[in-house]
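Visitor: Below you'll find run19.txt; it's compact mmCIF, C-alpha atoms and all ligand atoms.
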# COMPACT_ATOMS: atom_id res chain seq x y z
CA MET M 11 23.69 11.85 2.31
CA HIS M 12 23.85 8.61 0.35
CA LEU M 13 20.53 8.12 -1.44
CA PRO M 14 19.24 5.77 -4.15
CA LYS M 15 19.44 7.23 -7.68
CA GLN M 16 16.11 5.76 -8.63
CA VAL M 17 12.93 5.02 -6.67
CA ARG M 18 9.87 2.99 -7.61
CA MET M 19 6.71 4.71 -6.43
CA VAL M 20 3.88 2.28 -5.65
CA GLU M 21 0.54 4.03 -5.94
CA VAL M 22 -1.95 2.66 -3.41
CA GLY M 23 -4.64 5.36 -3.57
CA PRO M 24 -7.24 3.38 -5.54
CA ARG M 25 -7.06 0.65 -2.87
CA ASP M 26 -5.76 1.99 0.45
CA GLY M 27 -7.25 5.42 -0.20
CA LEU M 28 -10.67 4.53 -1.46
CA GLN M 29 -11.17 1.61 0.95
CA ASN M 30 -11.45 4.15 3.73
CA GLU M 31 -13.84 6.60 2.10
CA ALA M 32 -17.29 6.68 3.64
CA GLN M 33 -18.88 7.20 0.24
CA LEU M 34 -18.73 4.54 -2.46
CA VAL M 35 -16.88 5.78 -5.52
CA PRO M 36 -18.44 4.71 -8.84
CA THR M 37 -16.58 1.96 -10.70
CA ALA M 38 -16.08 4.20 -13.74
CA THR M 39 -14.40 6.85 -11.57
CA LYS M 40 -12.03 4.24 -10.12
CA ILE M 41 -11.15 3.03 -13.61
CA ALA M 42 -10.51 6.58 -14.84
CA LEU M 43 -8.36 7.29 -11.78
CA ILE M 44 -6.23 4.18 -12.23
CA GLU M 45 -5.74 4.91 -15.94
CA GLN M 46 -4.72 8.52 -15.18
CA LEU M 47 -2.21 7.31 -12.58
CA ALA M 48 -0.65 4.86 -15.05
CA ASP M 49 -0.53 7.64 -17.66
CA ALA M 50 1.32 9.82 -15.12
CA GLY M 51 4.17 7.30 -15.28
CA LEU M 52 3.51 5.17 -12.19
CA SER M 53 4.58 1.60 -12.90
CA VAL M 54 2.57 0.09 -10.03
CA VAL M 55 -1.02 1.10 -9.33
CA GLU M 56 -2.82 -1.00 -6.75
CA ALA M 57 -6.25 -1.57 -8.24
CA GLY M 58 -8.34 -2.97 -5.36
CA SER M 59 -8.75 -5.93 -3.06
CA PHE M 60 -10.55 -9.26 -3.05
CA VAL M 61 -11.65 -9.20 0.57
CA SER M 62 -15.05 -9.71 2.16
CA PRO M 63 -17.53 -7.08 0.89
CA LYS M 64 -19.10 -7.18 4.34
CA TRP M 65 -15.82 -5.97 5.84
CA ILE M 66 -14.80 -3.52 3.10
CA PRO M 67 -17.77 -2.63 0.88
CA GLN M 68 -15.72 0.04 -0.91
CA MET M 69 -13.71 -2.67 -2.70
CA ALA M 70 -16.66 -4.89 -3.66
CA ASP M 71 -16.38 -3.90 -7.34
CA THR M 72 -12.71 -4.84 -7.79
CA SER M 73 -13.61 -7.47 -10.45
CA GLU M 74 -15.52 -4.86 -12.44
CA VAL M 75 -12.69 -2.34 -12.06
CA LEU M 76 -10.17 -4.82 -13.44
CA ALA M 77 -12.51 -5.90 -16.23
CA GLY M 78 -13.07 -2.30 -17.34
CA LEU M 79 -9.48 -1.18 -17.10
CA THR M 80 -7.29 -0.68 -20.15
CA ARG M 81 -4.07 -2.18 -18.85
CA LYS M 82 -0.96 -0.41 -19.96
CA PRO M 83 2.02 -2.60 -20.90
CA GLY M 84 4.75 -2.42 -18.27
CA VAL M 85 2.35 -1.33 -15.53
CA SER M 86 1.43 -3.65 -12.68
CA TYR M 87 -2.04 -3.53 -11.11
CA PRO M 88 -1.76 -5.57 -7.89
CA VAL M 89 -4.72 -6.47 -5.69
CA LEU M 90 -4.89 -7.53 -2.04
CA VAL M 91 -5.76 -11.18 -1.42
CA PRO M 92 -6.40 -12.47 2.13
CA ASN M 93 -7.23 -16.13 1.43
CA MET M 94 -8.00 -18.73 -1.25
CA GLN M 95 -11.45 -17.27 -1.88
CA GLY M 96 -9.81 -13.98 -2.77
CA PHE M 97 -7.18 -15.80 -4.80
CA ALA M 98 -9.86 -17.46 -6.94
CA ALA M 99 -11.43 -14.07 -7.61
CA ALA M 100 -8.04 -12.59 -8.47
CA LEU M 101 -7.35 -15.41 -10.94
CA ALA M 102 -10.76 -14.93 -12.55
CA ALA M 103 -9.91 -11.24 -12.98
CA GLU M 104 -6.66 -12.24 -14.71
CA VAL M 105 -4.37 -10.25 -12.44
CA GLU M 106 -0.61 -10.61 -12.76
CA GLU M 107 0.30 -9.54 -9.23
CA ILE M 108 -1.25 -10.03 -5.81
CA ALA M 109 -0.38 -8.86 -2.31
CA ILE M 110 -0.86 -10.76 0.91
CA PHE M 111 -1.09 -8.71 4.08
CA ALA M 112 -0.04 -9.62 7.60
CA ALA M 113 0.61 -7.62 10.75
CA ALA M 114 3.40 -7.47 13.31
CA SER M 115 0.78 -7.07 16.03
CA GLU M 116 -1.53 -9.88 17.15
CA SER M 117 -4.40 -7.55 18.04
CA PHE M 118 -4.29 -5.74 14.72
CA SER M 119 -4.17 -9.06 12.84
CA ARG M 120 -7.29 -10.16 14.70
CA ARG M 121 -9.18 -6.91 14.00
CA ASN M 122 -8.09 -6.62 10.39
CA ILE M 123 -8.30 -10.17 9.09
CA ASN M 124 -9.94 -12.03 11.97
CA CYS M 125 -7.11 -14.41 12.81
CA SER M 126 -3.77 -14.59 14.61
CA ILE M 127 -0.48 -13.86 12.85
CA ALA M 128 0.36 -17.58 12.74
CA GLU M 129 -3.08 -18.43 11.31
CA SER M 130 -2.71 -15.69 8.69
CA LEU M 131 0.60 -17.17 7.54
CA GLU M 132 -1.10 -20.59 7.28
CA ARG M 133 -3.86 -19.01 5.16
CA PHE M 134 -1.32 -17.26 2.95
CA ALA M 135 0.71 -20.41 2.27
CA PRO M 136 -1.67 -21.90 -0.33
CA VAL M 137 -2.21 -18.43 -1.84
CA ALA M 138 1.55 -18.04 -2.23
CA GLU M 139 1.86 -21.55 -3.66
CA GLY M 140 -0.96 -20.82 -6.12
CA ALA M 141 0.75 -17.59 -7.16
CA ARG M 142 4.03 -19.41 -7.69
CA ARG M 143 2.42 -22.12 -9.84
CA ARG M 144 0.53 -19.57 -11.96
CA GLY M 145 3.51 -17.25 -12.30
CA LEU M 146 1.88 -14.33 -10.45
CA ARG M 147 4.09 -11.84 -8.67
CA LEU M 148 3.58 -11.85 -4.91
CA ARG M 149 4.06 -8.81 -2.68
CA GLY M 150 3.75 -8.81 1.11
CA TYR M 151 2.54 -6.15 3.51
CA ILE M 152 3.27 -5.91 7.21
CA SER M 153 1.07 -3.59 9.26
CA CYS M 154 1.96 -1.93 12.57
CA VAL M 155 5.72 -2.00 12.05
CA VAL M 156 6.22 0.75 14.65
CA ASP M 157 3.09 1.00 16.80
CA CYS M 158 -0.22 -0.81 17.03
CA PRO M 159 -3.43 1.10 17.82
CA TYR M 160 -4.36 -1.61 20.35
CA GLU M 161 -0.98 -2.76 21.75
CA GLY M 162 1.28 0.29 21.53
CA PRO M 163 4.95 -0.09 20.53
CA ILE M 164 5.91 -3.12 18.45
CA ALA M 165 9.37 -4.63 18.77
CA PRO M 166 11.46 -4.44 15.57
CA ALA M 167 12.25 -8.14 16.09
CA ALA M 168 8.54 -8.96 15.75
CA VAL M 169 8.46 -7.13 12.40
CA ALA M 170 11.60 -8.96 11.27
CA ASP M 171 10.01 -12.33 12.14
CA VAL M 172 6.92 -11.66 10.03
CA ALA M 173 9.10 -10.25 7.24
CA ALA M 174 11.18 -13.44 7.22
CA SER M 175 8.02 -15.58 7.08
CA LEU M 176 6.54 -13.60 4.18
CA ALA M 177 9.84 -13.66 2.31
CA ALA M 178 9.96 -17.44 2.81
CA LEU M 179 6.50 -17.67 1.24
CA GLY M 180 7.95 -16.08 -1.90
CA CYS M 181 7.16 -12.37 -1.62
CA TYR M 182 9.52 -10.49 -3.91
CA GLU M 183 9.02 -7.36 -1.84
CA LEU M 184 7.84 -6.50 1.65
CA SER M 185 6.04 -3.27 2.32
CA LEU M 186 6.57 -2.04 5.88
CA GLY M 187 3.44 -0.24 7.05
CA ASP M 188 3.37 2.45 9.70
CA THR M 189 -0.37 1.98 9.77
CA ILE M 190 -1.17 4.74 12.27
CA GLY M 191 1.61 7.12 11.27
CA THR M 192 3.12 7.49 14.74
CA GLY M 193 6.70 6.64 13.70
CA THR M 194 9.56 9.13 13.76
CA PRO M 195 12.85 8.79 11.85
CA ALA M 196 15.02 7.21 14.55
CA ARG M 197 12.45 4.51 15.29
CA ILE M 198 11.91 3.89 11.56
CA GLN M 199 15.65 3.48 11.06
CA ALA M 200 15.99 1.11 14.00
CA MET M 201 13.11 -0.97 12.64
CA ILE M 202 14.53 -1.08 9.08
CA GLU M 203 17.97 -1.95 10.43
CA ARG M 204 16.52 -4.95 12.28
CA VAL M 205 14.31 -6.10 9.39
CA ALA M 206 17.23 -5.78 6.95
CA ALA M 207 19.08 -8.38 9.03
CA ALA M 208 16.31 -10.84 8.01
CA VAL M 209 15.43 -9.65 4.48
CA PRO M 210 17.79 -7.69 2.19
CA ARG M 211 16.89 -4.00 2.03
CA GLU M 212 16.65 -4.21 -1.77
CA ARG M 213 13.45 -6.14 -1.11
CA LEU M 214 11.94 -3.63 1.33
CA ALA M 215 9.37 -0.93 0.65
CA VAL M 216 7.96 1.64 3.05
CA HIS M 217 4.28 2.42 3.47
CA PHE M 218 3.68 5.40 5.70
CA HIS M 219 0.40 6.90 6.82
CA ASP M 220 0.77 10.59 7.63
CA THR M 221 -1.36 10.92 10.75
CA TYR M 222 1.29 12.83 12.69
CA GLY M 223 2.88 14.59 9.70
CA GLN M 224 6.04 12.49 9.93
CA ALA M 225 5.81 10.53 6.70
CA LEU M 226 8.17 12.60 4.54
CA ALA M 227 10.81 12.72 7.28
CA ASN M 228 10.44 8.97 7.69
CA ILE M 229 10.73 8.43 3.94
CA LEU M 230 13.97 10.39 3.86
CA ALA M 231 15.22 8.27 6.77
CA ALA M 232 14.31 5.10 4.84
CA LEU M 233 15.98 6.39 1.65
CA GLU M 234 19.15 7.00 3.64
CA GLN M 235 19.05 3.36 4.60
CA GLY M 236 18.86 2.24 0.99
CA VAL M 237 15.12 1.57 0.72
CA ALA M 238 14.14 2.49 -2.84
CA VAL M 239 10.43 1.59 -3.04
CA ILE M 240 7.85 3.96 -1.59
CA ASP M 241 4.10 3.44 -1.29
CA SER M 242 1.92 6.54 -1.46
CA SER M 243 -1.58 7.62 -2.24
CA VAL M 244 -2.55 10.29 -4.73
CA ALA M 245 -4.08 13.37 -3.08
CA GLY M 246 -3.27 11.79 0.30
CA LEU M 247 -6.35 9.58 0.16
CA GLY M 248 -6.64 6.82 2.66
CA GLY M 249 -6.53 5.57 6.19
CA CYS M 250 -7.34 2.20 7.62
CA PRO M 251 -10.80 1.07 8.65
CA TYR M 252 -9.36 -1.00 11.51
CA ALA M 253 -7.00 1.67 12.88
CA LYS M 254 -9.11 4.40 14.45
CA GLY M 255 -7.87 7.92 13.73
CA ALA M 256 -5.29 6.81 11.15
CA SER M 257 -5.19 9.39 8.39
CA GLY M 258 -4.35 8.84 4.77
CA ASN M 259 -1.19 7.53 3.24
CA VAL M 260 1.49 10.07 2.51
CA ALA M 261 0.42 11.95 -0.62
CA SER M 262 2.06 10.82 -3.87
CA GLU M 263 2.44 14.45 -4.98
CA ASP M 264 4.40 15.26 -1.80
CA VAL M 265 6.63 12.20 -2.21
CA LEU M 266 7.31 13.06 -5.86
CA TYR M 267 8.17 16.66 -4.95
CA LEU M 268 10.68 15.38 -2.39
CA LEU M 269 12.22 12.86 -4.80
CA ASP M 270 12.35 15.34 -7.71
CA GLY M 271 14.06 17.83 -5.41
CA LEU M 272 16.64 15.24 -4.40
CA GLY M 273 17.31 14.44 -8.05
CA ILE M 274 16.03 10.88 -7.65
CA ARG M 275 14.49 9.38 -10.80
CA THR M 276 10.91 8.03 -10.65
CA GLY M 277 9.53 8.32 -14.19
CA VAL M 278 6.45 10.05 -12.77
CA ALA M 279 5.25 13.39 -14.20
CA MET M 280 4.08 15.84 -11.53
CA ALA M 281 1.54 17.68 -13.69
CA ARG M 282 -0.26 14.48 -14.63
CA LEU M 283 -0.09 13.06 -11.12
CA ALA M 284 -1.53 16.26 -9.66
CA ALA M 285 -4.29 16.23 -12.29
CA ALA M 286 -5.24 12.69 -11.23
CA GLY M 287 -5.31 13.90 -7.63
CA ARG M 288 -7.60 16.80 -8.52
CA PHE M 289 -9.84 14.43 -10.46
CA VAL M 290 -10.39 12.04 -7.54
CA SER M 291 -10.68 14.86 -5.00
CA GLN M 292 -13.40 16.48 -7.09
CA ALA M 293 -15.18 13.13 -7.32
CA LEU M 294 -15.08 12.97 -3.51
CA GLY M 295 -16.16 16.59 -3.20
CA ARG M 296 -13.10 17.91 -1.38
CA GLU M 297 -9.61 19.35 -1.69
CA PRO M 298 -6.53 17.12 -2.01
CA VAL M 299 -4.82 16.56 1.36
CA SER M 300 -1.44 17.02 -0.36
CA LYS M 301 0.26 20.34 0.44
CA VAL M 302 2.17 20.17 -2.83
CA ALA M 303 -1.07 19.65 -4.79
CA ARG M 304 -2.62 22.66 -3.07
CA ALA M 305 0.43 24.84 -3.68
CA LEU M 306 0.51 23.88 -7.36
CA ALA M 307 -3.21 24.59 -7.73
CA ALA M 308 -2.80 28.00 -6.03
CA LYS M 309 0.12 28.83 -8.32
CA ALA M 310 -1.87 27.88 -11.42
CA ALA M 311 -4.95 29.89 -10.36
P1 LIG L 401 -13.76 -14.14 8.14
O1 LIG L 401 -15.14 -13.69 8.52
O2 LIG L 401 -12.88 -14.69 9.20
O3 LIG L 401 -13.81 -15.16 6.90
O4 LIG L 401 -13.02 -12.92 7.44
P2 LIG L 401 -14.54 -16.52 6.67
O5 LIG L 401 -13.62 -17.34 5.83
O6 LIG L 401 -15.04 -17.07 7.97
O7 LIG L 401 -15.81 -16.11 5.76
C1 LIG L 401 -16.86 -15.32 6.27
C2 LIG L 401 -17.62 -14.70 5.12
O8 LIG L 401 -16.76 -13.86 4.34
C3 LIG L 401 -18.22 -15.70 4.14
O9 LIG L 401 -19.40 -15.12 3.60
C4 LIG L 401 -17.19 -15.74 3.04
O10 LIG L 401 -17.73 -16.12 1.79
C5 LIG L 401 -16.74 -14.31 2.99
P3 LIG L 401 -20.86 -15.48 4.20
O11 LIG L 401 -20.94 -16.97 4.09
O12 LIG L 401 -20.86 -14.97 5.62
O13 LIG L 401 -21.79 -14.73 3.29
N1 LIG L 401 -15.35 -14.18 2.48
C6 LIG L 401 -15.02 -13.50 1.37
N2 LIG L 401 -15.75 -12.79 0.49
C7 LIG L 401 -15.08 -12.24 -0.56
N3 LIG L 401 -13.74 -12.35 -0.74
C8 LIG L 401 -12.99 -13.04 0.13
C9 LIG L 401 -13.63 -13.65 1.24
N4 LIG L 401 -13.18 -14.39 2.26
C10 LIG L 401 -14.25 -14.72 3.02
N5 LIG L 401 -11.67 -13.13 -0.06
C11 LIG L 401 -11.43 -11.95 5.94
C12 LIG L 401 -11.68 -13.01 6.99
C13 LIG L 401 -9.93 -11.84 5.73
C14 LIG L 401 -12.11 -12.36 4.66
C15 LIG L 401 -12.02 -10.62 6.46
O14 LIG L 401 -11.51 -10.37 7.73
C16 LIG L 401 -11.74 -9.45 5.57
O15 LIG L 401 -12.17 -9.39 4.44
N6 LIG L 401 -11.05 -8.43 6.12
C17 LIG L 401 -10.78 -7.20 5.39
C18 LIG L 401 -9.35 -6.85 5.56
C19 LIG L 401 -9.00 -5.62 4.78
O16 LIG L 401 -9.25 -5.54 3.59
N7 LIG L 401 -8.40 -4.62 5.48
C20 LIG L 401 -7.90 -3.44 4.84
C21 LIG L 401 -6.68 -3.75 4.01
S1 LIG L 401 -5.19 -3.98 4.98
C22 LIG L 401 -4.57 -2.39 5.15
O17 LIG L 401 -5.20 -1.43 4.77
C23 LIG L 401 -3.16 -2.20 5.68
C24 LIG L 401 -2.15 -1.91 4.59
O18 LIG L 401 -2.51 -0.78 3.85
C25 LIG L 401 -0.76 -1.72 5.22
C26 LIG L 401 -0.77 -0.71 6.38
O19 LIG L 401 -1.12 0.46 6.15
O20 LIG L 401 -0.47 -1.14 7.48
C27 LIG L 401 -2.05 -3.09 3.61
MG MG L 402 -2.11 1.25 4.48
What does this structure look like when you write it as structure tokens?
Guide:
Amino acid sequence: MHLPKQVRMVEVGPRDGLQNEAQLVPTATKIALIEQLADAGLSVVEAGSFVSPKWIPQMADTSEVLAGLTRKPGVSYPVLVPNMQGFAAALAAEVEEIAIFAAASESFSRRNINCSIAESLERFAPVAEGARRRGLRLRGYISCVVDCPYEGPIAPAAVADVAASLAALGCYELSLGDTIGTGTPARIQAMIERVAAAVPRERLAVHFHDTYGQALANILAALEQGVAVIDSSVAGLGGCPYAKGASGNVASEDVLYLLDGLGIRTGVAMARLAAAGRFVSQALGREPVSKVARALAAKAA
């Protein structure tokens, strides 16, 4: 197996995880969680999103989260930005990195951000231009890279087209989202192969939800193809409010256990990561979804 020697783990729990929780998590808890994740060695911790509070009330306090956060040098705290209104809020919060988010499926684009794929790219263009002028780093997400909850299978060529458009807007990295977690390794590899013909694989990240328990297998498949950036969510928090039945992102603890076992460097400390997972799970009044977190807790008890 030829695998990368080093992987960057992108922690999305405070955004992708908490955006899907029915209960609103207090701002102070979010801040403590993000700080614990940065202290665990994660170099990217997604801190929230500047979207409509009517659509996603769980992220309505993103400005307050960023204002209260002690930012650690060398750590990036990106936020999702869907349009210029969100961009203005992100600038006011003095962020250094933003993420725009598109879909490879027309129906999902409509349900998630209320416009077609082409319209979303038009909306993102001034956001990307603003980011370039202000020197902000720009990341891009693509949802439904394997299947769409409304349309079924998505052609890899459709993913590659959106990837090429987002790369042309200036995204330094594209995160490929299996939003509903239906992918299996062969389909993931076929999709990455096709996307890599449009955007170099050094600029690709994978973002897998674990609905069908395939995320770790899919991550290994992506690693074998040279993808070295992996999105995950501490304690397996997450889901997607516009993808019915989608479960959380793959748990960061499980990803770290896999990478540690493969001898791949991440800079992330398991004990601290697991402690952050226990902290947020307690705040939500439940156990971490992560099997690794549960096994470690059972061993320590
Ligand atoms: P819209 O209704 O078409 O927008 O929503 P609009 O421009 O017509 O504005 C309507 C109202 O929204 C107005 O308020 C605006 O001020 C307000 P009103 O006059 O009615 O009081 N508004 C905003 N408020 C705050 N911040 C903003 C903003 N923009 C408009 N930026 C919009 C379009 C994109 C805003 C909406 O559809 C939205 O917020 N959607 C939420 C999308 C979202 O956050 N989804 C979850 C994240 S994506 C995801 O999880 C997938 C990912 O993890 C990868 C994967 O797993 O696949 C990334
Ligand atoms: Mg997601």
Visitor: Go through M:Leu47, M:Ala99, M:Leu52, M:Val20 one by one, measure the shortest atom-to-atom distance of each to Ile240 in chain M using only C-alpha atoms, and give the residue with the smallest value.
Guide: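 The shortest atom-to-atom distance to Ile240 in chain M comes from M:Val20.
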Visitor: (13.0, 14.3, 0.6) in this file's frame - what residues fall within 8 Å of it? Use only C-alpha atoms and give the answer as a list of chain:residue names.
Guide: M:Leu226, M:Ala227, M:Ile229, M:Leu230, M:Val265, M:Tyr267, M:Leu268, M:Leu269, M:Gly271, M:Leu272
Visitor: Just the number, please: distance in Å from CA of Glu234 in chain M to CA of Ile274 in chain M, one decimal.
Guide: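 Interatomic distance, CA of Glu234 in chain M to CA of Ile274 in chain M: 12.3 Å.
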Visitor: When distances are computed from all atoms listed in the file, which of M:Glu31, M:Glu104, M:Glu116, M:Asp241 shows the smallest separation from Gly162 in chain M?
Guide: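 Looking at the shortest contact to Gly162 in chain M, the residue is M:Glu116.
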Visitor: Return as a VMD selection string the residues of protein, DNA or RNA that approach ligand LIG 401 (chain L) to within 7 Å, with only C-alpha atoms and all ligand atoms taken into account.
Guide: chain M and resid 26 59 to 63 65 to 66 91 to 96 111 122 to 125 151 to 154 187 to 189 217 to 219 250 to 251
Visitor: Name the closest residue to Leu233 in chain M among the candidates M:Leu184, M:Val137, M:Ile202, M:Leu247; distances are taken between atoms, counting all atoms listed in the file.
Guide: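 Closest to Leu233 in chain M, using all atoms listed in the file: M:Ile202.
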Visitor: Using all atoms listed in the file, collect all residues at a distance of at most 9 Å from (-9.2, -10.7, -9.6) as written in the file, then present them as a list in words.
Guide: Gly58, Ser59, Phe60, Thr72, Ser73, Leu76, Ala77, Val89, Val91, Gly96, Phe97, Ala98, Ala99, Ala100, Leu101, Ala102, Ala103, Glu104, Val105 and Ile108 of chain M
Visitor: Would you compute, for all listed atoms of range 155-165 of chain M, the axis-aligned bounding box grown by 3 Å on each side, and then report its centre and edge lengths in Å rounded to one decimal, as AutoDock Vina command-line options?
Guide:
--center_x 2.5 --center_y -1.8 --center_z 16.9 --size_x 19.7 --size_y 11.7 --size_z 15.7
Visitor: Please provide the set of residues having any atom within 9 Å of Ala135 in chain M, restricted to all atoms listed in the file, with same-chain residues fewer than 5 positions apart removed, written as a list of chain:residue names.
Guide: M:Ser130, M:Gly140, M:Leu179
Visitor: In Å, rounded to a single decimal, give me how far CA of Ala238 in chain M is from CA of Thr221 in chain M.
Guide: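 Computing the Euclidean distance for CA of Thr221 in chain M and CA of Ala238 in chain M yields 22.3 Å.
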Visitor: Given all atoms listed in the file as the basis, pick out the residue of M:Glu212, M:Asp220, M:Glu139, M:Glu203 nearest to ligand MG 402 (chain L).
Guide: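 Result for the nearest residue to ligand MG 402 (chain L): M:Asp220.
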Visitor: One number please: CA of Ser262 in chain M to CA of Gln16 in chain M, in Å, one decimal.
Guide: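 Taking CA of Ser262 in chain M and CA of Gln16 in chain M, their separation equals 15.7 Å.
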Visitor: Contacts of Glu263 in chain M at 8 Å or less, counting all atoms listed in the file, minus same-chain residues fewer than 5 places along, as a list in words?
Guide: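 Within the cut-off, the hits are Val244, Ala245, Met280, Leu283, Ala284, Ser300, Val302 and Ala303 of chain M.
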Visitor: May I have the selected residues written with C-alpha atoms, as a compact mmCIF listing (two decimals), in the coordinates of the input?
Guide:
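Heads up, here's the output in out-v9.txt:
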# COMPACT_ATOMS: atom_id res chain seq x y z
CA VAL M 244 -2.55 10.29 -4.73
CA ALA M 245 -4.08 13.37 -3.08
CA MET M 280 4.08 15.84 -11.53
CA LEU M 283 -0.09 13.06 -11.12
CA ALA M 284 -1.53 16.26 -9.66
CA SER M 300 -1.44 17.02 -0.36
CA VAL M 302 2.17 20.17 -2.83
CA ALA M 303 -1.07 19.65 -4.79
Visitor: Leaving out Val85 in chain M and any residue of its chain fewer than 5 positions from it, which residues lie within 12 Å of it when counting only C-alpha atoms, given as a list in words?
Guide: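 The contact residues come out as Arg18, Met19, Val20, Glu21, Ile44, Glu45, Leu47, Ala48, Asp49, Ala50, Gly51, Leu52, Ser53, Val54, Val55, Glu56, Ala57, Leu79, Thr80, Val105, Glu106 and Glu107 of chain M.
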Visitor: For a quick check of understanding, using only C-alpha atoms, which of M:Gly295, M:Pro136, M:Pro36, M:Gly193 has the smallest distance to Ile164 in chain M?
Guide: M:Gly193
Visitor: Find the residues near Pro298 in chain M: any atom within 7 Å, counting all atoms listed in the file, skip ones fewer than 3 places away on the same chain, and give them as a ChimeraX atom specification.
Guide: /M:245-246,287-288,291,303-304
